[in-house]
Every structure is written in C-alpha cells, then in structure tokens.
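Next up, work-v6.txt (compact mmCIF, C-alpha atoms):
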# COMPACT_ATOMS: atom_id res chain seq x y z
CA MET A 39 158.34 92.93 21.89
CA ASN A 40 156.84 93.48 25.27
CA TYR A 41 159.36 96.18 25.91
CA LEU A 42 158.40 97.90 22.70
CA SER A 43 154.72 97.69 23.38
CA LEU A 44 155.32 99.32 26.73
CA ARG A 45 157.23 102.19 25.23
CA CYS A 46 154.98 102.76 22.26
CA PRO A 47 151.39 102.22 23.27
CA THR A 48 149.41 100.24 20.73
CA PRO A 49 146.00 101.61 19.79
CA ASN A 50 144.47 99.19 22.26
CA ASN A 51 146.76 100.35 25.01
CA ARG A 52 146.04 103.94 24.16
CA LYS A 53 142.33 103.26 24.38
CA ALA A 54 142.78 101.62 27.74
CA MET A 55 144.88 104.50 28.99
CA ALA A 56 142.33 107.02 27.74
CA ALA A 57 139.58 105.08 29.47
CA LEU A 58 141.62 104.97 32.66
CA LEU A 59 142.26 108.70 32.49
CA LEU A 60 138.61 109.41 31.80
CA GLY A 61 137.63 107.09 34.63
CA SER A 62 139.88 108.80 37.13
CA LEU A 63 138.73 112.22 35.95
CA LEU A 64 135.13 111.16 36.38
CA ALA A 65 135.96 109.83 39.82
CA CYS A 66 137.52 113.17 40.74
CA VAL A 67 134.55 115.09 39.38
CA THR A 68 132.00 112.93 41.18
CA ALA A 69 134.05 113.04 44.39
CA SER A 70 134.30 116.79 44.37
CA ALA A 71 130.68 117.10 43.30
CA THR A 72 129.43 115.63 46.58
CA PRO A 73 127.64 118.60 48.13
CA MET A 74 129.05 119.64 51.46
CA VAL A 75 127.05 121.00 54.37
CA GLU A 76 128.68 122.48 57.44
CA ILE A 77 127.44 122.20 61.00
CA THR A 78 129.01 123.96 63.97
CA ILE A 79 128.88 122.83 67.57
CA LYS A 80 129.08 125.70 70.04
CA ASP A 81 128.20 125.60 73.73
CA HIS A 82 126.86 122.07 73.18
CA LEU A 83 124.36 123.24 70.57
CA PHE A 84 124.22 122.51 66.86
CA TYR A 85 124.20 125.43 64.41
CA PRO A 86 122.07 125.09 62.35
CA ALA A 87 119.93 122.73 64.37
CA GLU A 88 117.73 122.07 61.37
CA LEU A 89 118.98 121.27 57.89
CA ILE A 90 116.96 120.81 54.75
CA LEU A 91 118.61 118.47 52.27
CA PRO A 92 117.55 117.09 48.90
CA ALA A 93 116.38 113.49 48.67
CA GLY A 94 118.43 110.93 46.78
CA SER A 95 121.84 112.56 46.97
CA LYS A 96 124.95 111.88 48.95
CA ILE A 97 125.96 114.69 51.30
CA LYS A 98 129.26 115.35 53.01
CA LEU A 99 128.68 116.76 56.49
CA LEU A 100 131.59 118.81 57.77
CA ILE A 101 131.10 119.26 61.49
CA HIS A 102 133.16 121.83 63.39
CA ASN A 103 133.32 121.37 67.13
CA THR A 104 134.24 124.80 68.46
CA ASP A 105 133.80 123.71 72.08
CA PRO A 106 136.92 122.68 74.00
CA THR A 107 135.19 119.41 74.95
CA PRO A 108 134.64 116.37 72.72
CA GLU A 109 131.20 115.60 71.33
CA GLU A 110 129.77 112.57 69.60
CA PHE A 111 127.52 113.09 66.61
CA GLU A 112 124.94 110.34 66.68
CA SER A 113 121.81 109.45 64.77
CA TYR A 114 119.92 106.17 64.92
CA GLU A 115 117.88 107.16 61.87
CA LEU A 116 120.98 107.90 59.80
CA ASN A 117 122.93 105.03 61.37
CA ARG A 118 125.85 107.34 62.08
CA GLU A 119 128.12 107.81 65.09
CA LYS A 120 131.37 109.73 65.32
CA VAL A 121 133.39 111.36 68.07
CA ILE A 122 134.55 114.90 67.31
CA VAL A 123 137.37 116.02 69.57
CA GLY A 124 137.21 119.56 71.03
CA ASN A 125 138.32 122.38 68.70
CA SER A 126 138.45 120.12 65.66
CA SER A 127 136.42 119.15 62.62
CA ALA A 128 135.11 115.85 61.30
CA VAL A 129 133.56 114.57 58.11
CA ILE A 130 130.56 112.25 57.95
CA PHE A 131 128.99 111.08 54.70
CA ILE A 132 125.23 110.60 54.68
CA GLY A 133 122.69 109.64 52.06
CA PRO A 134 121.31 109.12 49.50
CA LEU A 135 118.25 109.45 51.73
CA LYS A 136 114.52 109.08 51.24
CA PRO A 137 112.30 112.06 52.12
CA GLY A 138 111.67 112.23 55.84
CA THR A 139 112.96 113.54 59.15
CA TYR A 140 116.26 112.32 60.51
CA PRO A 141 116.99 113.51 64.05
CA PHE A 142 120.58 113.65 65.30
CA PHE A 143 122.07 114.51 68.67
CA GLY A 144 125.31 114.94 70.54
CA GLU A 145 125.66 111.82 72.62
CA PHE A 146 127.91 113.51 75.18
CA TYR A 147 125.51 116.43 75.79
CA PRO A 148 122.15 115.13 74.54
CA LYS A 149 120.04 117.56 76.59
CA THR A 150 121.12 120.54 74.53
CA ALA A 151 122.82 119.13 71.44
CA GLN A 152 119.80 118.21 69.34
CA GLY A 153 119.13 118.67 65.67
CA LYS A 154 117.35 117.22 62.70
CA ILE A 155 117.77 116.82 58.99
CA LEU A 156 114.69 117.26 56.85
CA VAL A 157 115.03 115.46 53.56
CA LYS A 158 112.66 116.70 50.85
CA MET B 1491 123.91 114.70 83.32
CA LEU B 1492 123.85 111.76 85.74
CA LEU B 1493 121.44 109.65 83.71
CA ASN B 1494 123.26 110.47 80.49
CA SER B 1495 126.59 109.24 81.83
CA VAL B 1496 124.93 106.09 83.17
CA ILE B 1497 123.47 105.31 79.73
CA LEU B 1498 126.56 106.26 77.76
CA ILE B 1499 129.00 104.21 79.81
CA LEU B 1500 126.52 101.33 80.00
CA GLN B 1501 126.26 101.24 76.19
CA GLU B 1502 130.02 101.15 75.78
CA ALA B 1503 130.72 98.72 78.62
CA LEU B 1504 127.90 96.31 77.79
CA GLU B 1505 129.36 94.97 74.56
CA ALA B 1506 132.76 94.34 76.13
CA ALA B 1507 131.14 92.82 79.23
CA LEU B 1508 129.06 90.36 77.18
CA LEU B 1509 132.03 89.28 75.09
CA ILE B 1510 134.17 88.85 78.20
CA ALA B 1511 131.37 86.76 79.76
CA VAL B 1512 131.28 84.42 76.76
CA LEU B 1513 135.07 84.08 76.58
CA LEU B 1514 135.29 83.56 80.35
CA ALA B 1515 132.66 80.83 80.18
CA ILE B 1516 134.63 79.02 77.45
CA ASN B 1517 137.89 79.43 79.33
CA ASN B 1518 136.21 78.16 82.46
CA GLN B 1519 135.46 74.94 80.58
CA LEU B 1520 138.97 74.76 79.18
CA GLN B 1521 140.60 75.64 82.49
CA CYS B 1522 142.87 78.21 80.90
CA GLY B 1523 143.04 80.39 84.00
CA ARG B 1524 142.16 84.07 83.94
CA ARG B 1525 145.48 85.75 83.46
CA TRP B 1526 144.68 86.35 79.77
CA LEU B 1527 141.76 88.53 80.81
CA TRP B 1528 143.92 90.88 82.89
CA TYR B 1529 146.50 91.12 80.10
CA GLY B 1530 143.81 91.96 77.57
CA LEU B 1531 142.11 94.51 79.82
CA SER B 1532 145.31 96.32 80.82
CA MET B 1533 146.85 96.37 77.33
CA GLY B 1534 143.54 97.50 75.85
CA THR B 1535 143.14 100.30 78.39
CA ALA B 1536 146.71 101.52 77.83
CA ILE B 1537 146.31 101.60 74.03
CA ALA B 1538 142.85 103.21 74.37
CA PHE B 1539 144.49 106.05 76.32
CA ILE B 1540 147.09 106.51 73.58
CA SER B 1541 144.56 106.47 70.74
CA ALA B 1542 142.09 108.72 72.63
CA SER B 1543 144.76 111.33 73.26
CA ASN B 1544 145.69 111.25 69.57
CA MET B 1545 142.12 111.14 68.29
CA ALA B 1546 142.31 114.63 66.73
CA SER B 1547 145.16 113.62 64.43
CA ILE B 1548 143.75 110.11 63.85
CA SER B 1549 140.45 111.70 62.73
CA LYS B 1550 142.19 114.07 60.35
CA SER B 1551 144.27 111.37 58.68
CA PHE B 1552 143.13 109.63 55.48
CA ASP B 1553 141.16 112.69 54.42
CA TYR B 1554 139.10 112.76 57.65
CA ALA B 1555 138.34 109.01 57.45
CA GLY B 1556 140.99 108.00 60.01
CA GLN B 1557 138.65 107.36 62.91
CA GLU B 1558 136.34 105.17 60.84
CA LEU B 1559 139.26 103.25 59.34
CA LEU B 1560 140.75 102.61 62.78
CA ASN B 1561 137.41 101.34 64.11
CA ALA B 1562 136.81 99.20 61.02
CA LEU B 1563 140.30 97.72 61.37
CA LEU B 1564 139.78 96.91 65.06
CA GLN B 1565 136.38 95.36 64.37
CA SER B 1566 137.59 93.25 61.43
CA MET B 1567 140.54 92.06 63.50
CA ILE B 1568 138.21 91.02 66.34
CA CYS B 1569 136.21 88.98 63.81
CA ILE B 1570 139.34 87.28 62.45
CA PHE B 1571 140.72 86.52 65.90
CA ILE B 1572 137.37 85.04 66.98
CA ALA B 1573 137.52 82.77 63.91
CA MET B 1574 141.05 81.70 64.89
CA ALA B 1575 139.95 81.02 68.48
CA VAL B 1576 137.02 78.96 67.24
CA TRP B 1577 139.37 76.97 64.98
CA ILE B 1578 141.27 75.90 68.11
CA ILE B 1579 138.27 74.77 70.13
CA ALA B 1580 136.30 73.25 67.26
CA GLY B 1581 135.89 69.50 67.43
CA LEU B 1582 136.61 69.20 71.14
CA LYS B 1583 134.17 67.09 73.10
CA GLN B 1584 132.62 69.40 75.69
CA PHE B 1585 135.66 71.69 75.45
CA GLN B 1586 138.08 69.34 77.12
CA LEU B 1587 141.45 70.87 76.51
CA THR B 1588 144.01 70.26 79.21
CA ASN B 1589 146.77 72.29 77.61
CA TRP B 1590 146.89 69.74 74.87
CA GLN B 1591 149.86 70.52 72.58
CA GLY B 1592 149.90 74.14 73.73
CA TYR B 1593 146.46 74.73 72.22
CA SER B 1594 145.03 75.89 75.50
CA GLN B 1595 147.72 78.51 75.85
CA ARG B 1596 147.24 79.69 72.30
CA PHE B 1597 143.51 79.94 72.85
CA ALA B 1598 144.05 82.05 75.97
CA GLN B 1599 146.45 84.31 74.03
CA LEU B 1600 143.84 84.82 71.31
CA CYS B 1601 141.24 85.68 73.96
CA SER B 1602 143.68 88.22 75.35
CA VAL B 1603 144.02 89.91 71.96
CA ILE B 1604 140.25 89.87 71.37
CA ILE B 1605 139.64 91.54 74.75
CA MET B 1606 142.42 94.05 74.08
CA LEU B 1607 140.92 95.08 70.72
CA THR B 1608 137.43 95.36 72.23
CA VAL B 1609 138.66 97.48 75.12
CA ILE B 1610 140.57 99.81 72.74
CA ARG B 1611 137.42 100.34 70.73
CA GLU B 1612 135.03 100.96 73.60
CA GLY B 1613 137.61 102.45 75.95
CA GLN B 1614 138.73 105.31 73.74
CA GLU B 1615 135.18 106.63 73.58
CA ILE B 1616 134.75 106.43 77.37
CA ILE B 1617 138.10 108.17 77.88
CA LEU B 1618 137.19 110.96 75.42
CA TYR B 1619 133.81 111.41 77.09
CA LEU B 1620 135.29 111.64 80.59
CA SER B 1621 138.16 113.86 79.44
CA GLY B 1622 135.62 116.53 78.51
CA PHE B 1623 134.69 116.93 82.16
CA LEU B 1624 138.19 117.02 83.59
CA GLY B 1625 138.88 120.28 85.36
CA ARG B 1626 135.22 121.22 85.41
CA SER B 1627 134.44 120.74 89.06
CA GLU B 1628 130.73 121.48 88.71
CA HIS B 1629 130.08 118.32 86.67
CA ILE B 1630 132.93 115.93 87.31
CA GLN B 1631 131.46 114.36 90.44
CA THR B 1632 128.05 113.71 88.87
CA VAL B 1633 129.64 112.31 85.75
CA LEU B 1634 131.95 110.02 87.68
CA ILE B 1635 129.08 108.70 89.82
CA GLY B 1636 126.94 108.18 86.71
CA SER B 1637 129.80 106.47 84.87
CA SER B 1638 130.46 104.15 87.79
CA ILE B 1639 126.78 103.18 87.93
CA GLY B 1640 126.73 102.59 84.16
CA PHE B 1641 129.90 100.56 84.34
CA GLY B 1642 128.52 98.60 87.29
CA ILE B 1643 125.28 97.75 85.48
CA GLY B 1644 127.24 96.67 82.38
CA ALA B 1645 129.55 94.49 84.44
CA SER B 1646 126.59 93.00 86.34
CA ILE B 1647 124.82 92.03 83.11
CA GLY B 1648 128.10 90.43 81.98
CA ILE B 1649 128.41 88.49 85.24
CA LEU B 1650 124.78 87.43 84.99
CA LEU B 1651 125.34 86.15 81.44
CA PHE B 1652 128.47 84.31 82.62
CA TYR B 1653 126.55 82.40 85.30
CA VAL B 1654 123.60 81.75 83.01
CA LEU B 1655 126.01 80.26 80.47
CA LEU B 1656 127.72 78.14 83.12
CA SER B 1657 124.43 76.82 84.42
CA LEU B 1658 123.28 75.62 81.00
CA PRO B 1659 122.87 71.85 80.62
CA THR B 1660 126.09 70.21 79.39
CA GLY B 1661 124.70 69.42 75.97
CA LEU B 1662 123.55 72.99 75.39
CA LYS B 1663 126.58 74.79 76.76
CA LYS B 1664 129.00 74.30 73.89
CA PRO B 1665 126.58 75.12 71.06
CA THR B 1666 125.30 78.20 72.89
CA LEU B 1667 128.79 79.54 73.51
CA LEU B 1668 129.84 78.89 69.92
CA VAL B 1669 126.70 80.48 68.49
CA LEU B 1670 127.14 83.61 70.65
CA LEU B 1671 130.78 83.90 69.63
CA THR B 1672 129.88 83.43 65.96
CA LEU B 1673 127.15 86.08 66.08
CA PHE B 1674 129.58 88.41 67.80
CA ALA B 1675 132.04 87.97 64.93
CA GLY B 1676 129.23 88.78 62.47
CA THR B 1677 128.33 91.87 64.50
CA MET B 1678 131.91 93.11 64.40
CA LEU B 1679 132.20 92.78 60.63
CA SER B 1680 128.79 94.37 60.14
CA GLN B 1681 129.82 97.32 62.33
CA SER B 1682 133.00 97.74 60.34
CA ALA B 1683 130.84 97.97 57.20
CA VAL B 1684 128.91 100.82 58.87
CA GLN B 1685 132.17 102.61 59.60
CA LEU B 1686 133.38 102.24 56.02
CA THR B 1687 130.03 103.49 54.72
CA GLN B 1688 130.23 106.52 57.00
CA ALA B 1689 133.69 107.27 55.57
CA ASP B 1690 132.34 106.80 52.01
CA TRP B 1691 134.61 103.83 51.35
CA ILE B 1692 131.50 101.69 50.84
CA LYS B 1693 128.60 103.06 48.85
CA GLN B 1694 125.56 103.94 50.96
CA THR B 1695 122.41 102.14 49.89
CA ALA B 1696 118.87 102.31 51.21
CA PRO B 1697 118.24 100.17 54.32
CA LEU B 1698 117.04 96.66 53.46
CA TRP B 1699 114.33 96.89 56.10
CA ASP B 1700 113.19 99.10 58.96
CA SER B 1701 112.18 97.25 62.10
CA SER B 1702 112.42 100.32 64.35
CA GLY B 1703 108.62 100.21 64.73
CA LEU B 1704 108.85 96.68 66.12
CA LEU B 1705 111.96 97.14 68.21
CA ALA B 1706 113.71 100.50 68.37
CA GLU B 1707 117.49 100.31 68.56
CA GLU B 1708 117.53 102.95 71.28
CA SER B 1709 115.15 100.96 73.51
CA MET B 1710 116.61 98.90 76.35
CA LEU B 1711 116.00 95.56 74.66
CA GLY B 1712 117.27 97.05 71.39
CA GLU B 1713 120.52 98.12 73.04
CA LEU B 1714 120.96 94.74 74.71
CA LEU B 1715 120.35 92.88 71.46
CA TYR B 1716 122.66 95.31 69.65
CA ALA B 1717 125.44 94.42 72.08
CA LEU B 1718 124.67 90.70 72.12
CA ILE B 1719 123.83 89.82 68.53
CA GLY B 1720 124.37 93.07 66.63
CA TYR B 1721 120.70 94.03 66.22
CA GLU B 1722 120.20 96.94 63.83
CA ALA B 1723 116.80 98.37 63.01
CA ARG B 1724 117.83 99.74 59.58
CA PRO B 1725 120.66 97.65 58.14
CA THR B 1726 122.01 98.22 54.65
CA ALA B 1727 122.93 95.45 52.23
CA ALA B 1728 126.64 95.96 53.00
CA GLN B 1729 125.95 95.39 56.70
CA VAL B 1730 123.93 92.24 56.12
CA ILE B 1731 126.56 90.87 53.73
CA ALA B 1732 129.34 91.68 56.24
CA TYR B 1733 127.34 90.04 59.05
CA ALA B 1734 126.86 86.89 56.97
CA THR B 1735 130.54 86.92 55.95
CA GLY B 1736 131.64 87.10 59.61
CA ILE B 1737 129.38 84.19 60.50
CA GLY B 1738 130.55 82.26 57.44
CA LEU B 1739 134.18 82.85 58.35
CA VAL B 1740 133.71 81.48 61.87
CA CYS B 1741 131.70 78.49 60.59
CA LEU B 1742 134.47 77.74 58.10
CA ALA B 1743 137.04 77.97 60.91
CA ALA B 1744 134.93 75.65 63.09
CA PHE B 1745 134.57 73.11 60.29
CA SER B 1746 138.24 73.12 59.28
CA GLY B 1747 139.38 73.08 62.92
CA ALA B 1748 137.25 70.02 63.63
CA GLN B 1749 138.43 68.30 60.43
CA TYR B 1750 142.06 69.04 61.29
CA LYS B 1751 141.71 67.42 64.70
CA LYS B 1752 139.93 64.40 63.24
CA LEU B 1753 142.68 63.89 60.66
CA THR B 1754 145.70 64.52 62.86
CA HIS B 1755 144.53 62.97 66.12
CA PRO B 1756 141.89 60.37 65.31
CA ILE B 1757 142.12 58.45 68.56
CA SER B 1758 142.96 61.16 71.05
CA HIS B 1759 140.76 62.04 74.00
CA LEU B 1760 139.66 65.04 71.99
CA GLU B 1761 137.67 62.80 69.67
CA GLN B 1762 134.05 63.66 69.36
CA GLN B 1763 132.57 60.27 70.21
Final structure tokens representation of the file:
Amino acid sequence: MNYLSLRCPTPNNRKAMAALLLGSLLACVTASATPMVEITIKDHLFYPAELILPAGSKIKLLIHNTDPTPEEFESYELNREKVIVGNSSAVIFIGPLKPGTYPFFGEFYPKTAQGKILVK
Amino acid sequence: MLLNSVILILQEALEAALLIAVLLAINNQLQCGRRWLWYGLSMGTAIAFISASNMASISKSFDYAGQELLNALLQSMICIFIAMAVWIIAGLKQFQLTNWQGYSQRFAQLCSVIIMLTVIREGQEIILYLSGFLGRSEHIQTVLIGSSIGFGIGASIGILLFYVLLSLPTGLKKPTLLVLLTLFAGTMLSQSAVQLTQADWIKQTAPLWDSSGLLAEESMLGELLYALIGYEARPTAAQVIAYATGIGLVCLAAFSGAQYKKLTHPISHLEQQ
C-alpha cells in the first residue's frame, strides 16, 4: 500500500508536492530578487565611496578587491566584518536597515578606505 | 600606518590573550602544567597559515559564504569545547584535581583545542593583514613595529588579567573563572550568529537596542569589553539568543558535571563539602 502511494501520489500527496514546488520556487524568486550593489576597492579606496540604498530591504553587497593586497570591510554600524583577499570578490548581506547613515571602512587601510551607506 | 597596525593586532590578540589568561589561571589551580598551551598555540598558528593562504578559495565556496561558515564553525566549536571543559571541572572543591582518573589530562587537552581554535580564528586575519605588506619595503618595517607593539599590549593585558585572577581571594577565584569562561562561550556563539547573518543564513532583524551612545564598541573600553564579555552596542535578537544559548549550554554542563561527580564519587576528596 505504501509502495503504491509512493508511486501514484494521492491528492494529498500531490497537494504537498505542489506546495513544496511552489515553496522552492518562491524561495528561488526571493533569493534572486535580493538587490545587489557592487563596490570596488582600488588603491585602498572604495568606489563608490557613498551609496544610497532604500530603507527596509535586504541588499547583497558584492565587493571586488582589485588591489593585490587583502582588505577588511568593516562597519560597526552595520555590524559587519569580512576579509577580502587581493584580486578577489566577496559577498556581504546587509539590511533591512532603518533610514540613516552607516559608515564603513577598510580595516587594513583605514586612512584612505572610507565610505558610507545612506539609507533613505 | 604604525598606529593602525598597533590597533589592529591589539584587537585580534586581545581576545586570545584574555581567554589564555583565564585558562592558564584554571590550569594553575589544577596543576596541569603548561604544555597544552604550547601545543594549542603552535597547532593553531600552523592551521591559521594554511587557512589564510587558502582564504580566496574558502571565501568563494558555499556561494561566497565560506569565510563566514568557517568562522561560525570555529566559534561554535570553541563554545562546545568550553562546555566540555567546564563539565570536567564542575563540582571540584577549589579546583583540586591531581590528575584524578585522567580528568586533569583531558581538561588540558580540551584547553589545547580551545586555544588552537581561537588562534586559527584570530591568527588568519593577522597573517592576511601582514601578508599584504610583504615585499613592500616602504611599509613593512613600520607595520612590523606596530604589530609587535599591538601584540605586546595584548599579551600584557592578558598577563595582567592572569595575575589579577590568581590574586583573587580563594572563595572568589573559582566563581570568577567559571563566570568568565561561561561568558566567553556565550560571546563565541553570539559571534557565530553574526557571521551566519552576514552570510544570509540567519535572517537579519533590527537591533534589539543601541547602546553606542553610552559605550561605543570602537572605544577602548568597548573593545576590551567586546573581547572579555562579548559587548555589542547593536545586537540583534539572533545574537542575544545565541549568547544566552552559549551560557545555558555551559551552565548545563556545569550542573551535570557536578551531579555526575556527586553520584559516582560521593566520598572522594573532590566532594564539595
């Protein structure tokens, strides 16, 4: 009986499978819908050094370190910290954030590597 | 450049130095020797070198969440190993443990692993930082001097804590050491929650409070409290829950460790009263 029910989905099973499929589709859609913003590190500077982002939404930051040296993206306000090896890229998720200013800096070269995110 | 390397290395070294101070103070009471410390430090440094030199591929793995997952794993393991170490020493009167049934040895081994994991975590960042200056003669000297000063200050604060802990009155010593170790376990689990949030494995929520006006995390006291008890000015619910879970885990280990000793060795010299 069990064997049969596995092979021929009962209406209940079919509903569950449809829900599962819908769920995973939704998950894919929401995952890919996370807006992505790119930041480049060059000569120990952030480009752009100022970003304007919408309040209340999750953002995927894709940071490209084009310098040969490692850098560490850090922000006390965002509670984020991540080492980005030279000539490589890293992803950091931030938000949803309230409106305000969120400074960030490169911990390895903080004199030059400074930036901020303005959330509006 | 000089001041920056002092601060950066100090931040990284401080946490390890404080944990080592607490573990050394406990081991001093237990008379476990200090060989475990050298094992932990050398193994940790060696693995930190390996992971730092592979950081590019570690970061790329798991859809760019590799670095966070590695850190979260190391931090959660530190929390679990602290709980195991506390299980061993729980219920001992004033930490008297003269290699009783191999417990002392096992405790020292656990301390070794805890130090190793801590050094991997902090060490890989120091190695990556310093590697950026290799072959750049104009900065390397300044950076090395700054790093040595930072490392020296971190180690000095650790040594200071060690002697302060040793000089505590007998009745206060054990609870203080256990409380510090427990808070450290909470800190580790809370930090792993931050890592998982950064990698989007845990949903980001608004901070529960913001005490940065009272005590900024980047201030000197803020940094010291961050290293010692895991102070965060803007913690999220996930962090607070993880912190409480880490503390709960160690308390549970302490309780069950003490019960175990009471049940299995009711009249031994390890008895509480």
Exercise answer, chain B residues close to chain A, 6 Å and all atoms listed in the file, as a list in words: Ala1546, Tyr1554, Gly1622 and Gln1688 of chain B
Polymer residues at most 8 Å from Ala1555 of chain B, only C-alpha atoms, same-chain spacing of 5 or more positions, as a VMD selection string: (chain A and resid 129) or (chain B and resid 1549 to 1550 1689)
I'd like the contact shell of Asn1494 of chain B - 12 Å cut-off, only C-alpha atoms, skipping same-chain residues fewer than 4 positions apart - returned as a short mmCIF file (atom, residue, chain, number, x, y, z; two decimals) with C-alpha atoms, in the coordinates of the input.
data_model
loop_
_atom_site.label_atom_id
_atom_site.label_comp_id
_atom_site.auth_asym_id
_atom_site.auth_seq_id
_atom_site.Cartn_x
_atom_site.Cartn_y
_atom_site.Cartn_z
CA GLY A 144 125.31 114.94 70.54
CA GLU A 145 125.66 111.82 72.62
CA PHE A 146 127.91 113.51 75.18
CA TYR A 147 125.51 116.43 75.79
CA PRO A 148 122.15 115.13 74.54
CA LYS A 149 120.04 117.56 76.59
CA THR A 150 121.12 120.54 74.53
CA LEU B 1498 126.56 106.26 77.76
CA ILE B 1499 129.00 104.21 79.81
CA LEU B 1500 126.52 101.33 80.00
CA GLN B 1501 126.26 101.24 76.19
CA TYR B 1619 133.81 111.41 77.09
CA THR B 1632 128.05 113.71 88.87
CA VAL B 1633 129.64 112.31 85.75
CA LEU B 1634 131.95 110.02 87.68
CA ILE B 1635 129.08 108.70 89.82
CA GLY B 1636 126.94 108.18 86.71
CA SER B 1637 129.80 106.47 84.87
CA ILE B 1639 126.78 103.18 87.93
CA GLY B 1640 126.73 102.59 84.16
#
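Atom CA of Ile1537 of chain B lies 15.7 Å from atom CA of Ser1621 of chain B.
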Atom-to-atom span, atom CA of Arg1524 of chain B and atom CA of Phe1652 of chain B, Å: 13.8 Å
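Near segment 74-80 of chain A, within 7 Å and counting only C-alpha atoms, sit A:Leu83, A:Phe84, A:Tyr85, A:Pro86, A:Ile97, A:Lys98, A:Leu99, A:Leu100, A:Ile101, A:His102, A:Asn103, A:Thr104, A:Asp105; same-chain residues fewer than 3 positions away were not included.
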Any chance you could export the current selection's C-alpha atoms as a PDB file, in the frame of the given file?
ATOM      1  CA  LEU A  83     124.360 123.240  70.570  1.00  0.00           C
ATOM      2  CA  PHE A  84     124.220 122.510  66.860  1.00  0.00           C
ATOM      3  CA  TYR A  85     124.200 125.430  64.410  1.00  0.00           C
ATOM      4  CA  PRO A  86     122.070 125.090  62.350  1.00  0.00           C
ATOM      5  CA  ILE A  97     125.960 114.690  51.300  1.00  0.00           C
ATOM      6  CA  LYS A  98     129.260 115.350  53.010  1.00  0.00           C
ATOM      7  CA  LEU A  99     128.680 116.760  56.490  1.00  0.00           C
ATOM      8  CA  LEU A 100     131.590 118.810  57.770  1.00  0.00           C
ATOM      9  CA  ILE A 101     131.100 119.260  61.490  1.00  0.00           C
ATOM     10  CA  HIS A 102     133.160 121.830  63.390  1.00  0.00           C
ATOM     11  CA  ASN A 103     133.320 121.370  67.130  1.00  0.00           C
ATOM     12  CA  THR A 104     134.240 124.800  68.460  1.00  0.00           C
ATOM     13  CA  ASP A 105     133.800 123.710  72.080  1.00  0.00           C
TER      14      ASP A 105
END
Please return the centre and edge lengths, in Å to one decimal, of a box with edges along x, y and z that contains all listed atoms of segment 143-155 of chain A, widened by 6 Å on every side, as lines of an AutoDock Vina configuration file.
center_x = 122.6
center_y = 116.2
center_z = 67.8
size_x = 22.6
size_y = 20.7
size_z = 29.6
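For the residues B:Val1576, B:Leu1600, B:Leu1520, B:Leu1618, ranking by smallest atom-to-atom distance to Met1545 of chain B using only C-alpha atoms places B:Leu1618 first.
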Point-to-point distance in Å for atom CA of Thr1672 of chain B and atom CA of Ala1511 of chain B: 14.3 Å
Within-7 Å shell of (118.9, 99.6, 55.9) in input frame, only C-alpha atoms, as a VMD selection string: chain B and resid 1696 to 1700 1724 to 1727
Who sits within 8 Å of Pro92 of chain A, all atoms listed in the file, same chain under 5 positions skipped, as a list in words: Pro137, Val157 and Lys158 of chain A
Shell around Val1609 of chain B at 7 Å using only C-alpha atoms, local window under 6 positions removed, as number ranges by chain: B: 1506, 1531, 1534-1535
Take the residues that were just selected and, keeping C-alpha atoms, output them as a tab-separated table (two decimals), keeping the file's coordinate frame.
chain	number	residue	atom	x	y	z
B	1506	ALA	CA	132.76	94.34	76.13
B	1531	LEU	CA	142.11	94.51	79.82
B	1534	GLY	CA	143.54	97.50	75.85
B	1535	THR	CA	143.14	100.30	78.39
Selected residue, from B:Ala1744, B:Ile1643, B:Val1730, B:Leu1514, that lies nearest to Ile1497 of chain B when counting only C-alpha atoms: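 Between B:Ala1744, B:Ile1643, B:Val1730, B:Leu1514, the residue approaching Ile1497 of chain B most closely is B:Ile1643.
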Closest of B:Leu1620, B:Val1496, B:Val1512, B:Leu1504 to Leu1715 of chain B - atom-to-atom distances counting only C-alpha atoms: B:Leu1504
Since fewer atoms than expected are present, regenerate N, CA and C atoms for segment 1497-1511 of chain B and write them as an mmCIF file, keeping the file's coordinate frame.
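Result file follows (out-v8.cif):
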data_model
loop_
_atom_site.group_PDB
_atom_site.id
_atom_site.type_symbol
_atom_site.label_atom_id
_atom_site.label_comp_id
_atom_site.auth_asym_id
_atom_site.auth_seq_id
_atom_site.Cartn_x
_atom_site.Cartn_y
_atom_site.Cartn_z
ATOM 1 N N ILE B 1497 123.845 105.957 80.996
ATOM 2 C CA ILE B 1497 123.470 105.310 79.730
ATOM 3 C C ILE B 1497 124.674 105.171 78.802
ATOM 4 N N LEU B 1498 125.435 106.271 78.703
ATOM 5 C CA LEU B 1498 126.560 106.260 77.760
ATOM 6 C C LEU B 1498 127.603 105.204 78.130
ATOM 7 N N ILE B 1499 127.972 105.176 79.395
ATOM 8 C CA ILE B 1499 129.000 104.210 79.810
ATOM 9 C C ILE B 1499 128.443 102.791 79.735
ATOM 10 N N LEU B 1500 127.146 102.655 80.076
ATOM 11 C CA LEU B 1500 126.520 101.330 80.000
ATOM 12 C C LEU B 1500 126.577 100.799 78.565
ATOM 13 N N GLN B 1501 126.234 101.659 77.600
ATOM 14 C CA GLN B 1501 126.260 101.240 76.190
ATOM 15 C C GLN B 1501 127.636 100.754 75.783
ATOM 16 N N GLU B 1502 128.655 101.500 76.193
ATOM 17 C CA GLU B 1502 130.020 101.150 75.780
ATOM 18 C C GLU B 1502 130.510 99.899 76.502
ATOM 19 N N ALA B 1503 130.177 99.815 77.815
ATOM 20 C CA ALA B 1503 130.720 98.720 78.620
ATOM 21 C C ALA B 1503 129.998 97.403 78.336
ATOM 22 N N LEU B 1504 128.716 97.512 77.933
ATOM 23 C CA LEU B 1504 127.900 96.310 77.790
ATOM 24 C C LEU B 1504 128.485 95.319 76.777
ATOM 25 N N GLU B 1505 128.871 95.848 75.621
ATOM 26 C CA GLU B 1505 129.360 94.970 74.560
ATOM 27 C C GLU B 1505 130.605 94.216 75.020
ATOM 28 N N ALA B 1506 131.535 94.968 75.637
ATOM 29 C CA ALA B 1506 132.760 94.340 76.130
ATOM 30 C C ALA B 1506 132.427 93.333 77.225
ATOM 31 N N ALA B 1507 131.479 93.698 78.117
ATOM 32 C CA ALA B 1507 131.140 92.820 79.230
ATOM 33 C C ALA B 1507 130.546 91.497 78.737
ATOM 34 N N LEU B 1508 129.693 91.578 77.704
ATOM 35 C CA LEU B 1508 129.060 90.360 77.180
ATOM 36 C C LEU B 1508 130.088 89.466 76.505
ATOM 37 N N LEU B 1509 130.999 90.081 75.762
ATOM 38 C CA LEU B 1509 132.030 89.280 75.090
ATOM 39 C C LEU B 1509 132.941 88.629 76.119
ATOM 40 N N ILE B 1510 133.316 89.405 77.148
ATOM 41 C CA ILE B 1510 134.170 88.850 78.200
ATOM 42 C C ILE B 1510 133.467 87.681 78.883
ATOM 43 N N ALA B 1511 132.130 87.831 79.108
ATOM 44 C CA ALA B 1511 131.370 86.760 79.760
ATOM 45 C C ALA B 1511 131.435 85.472 78.937
#
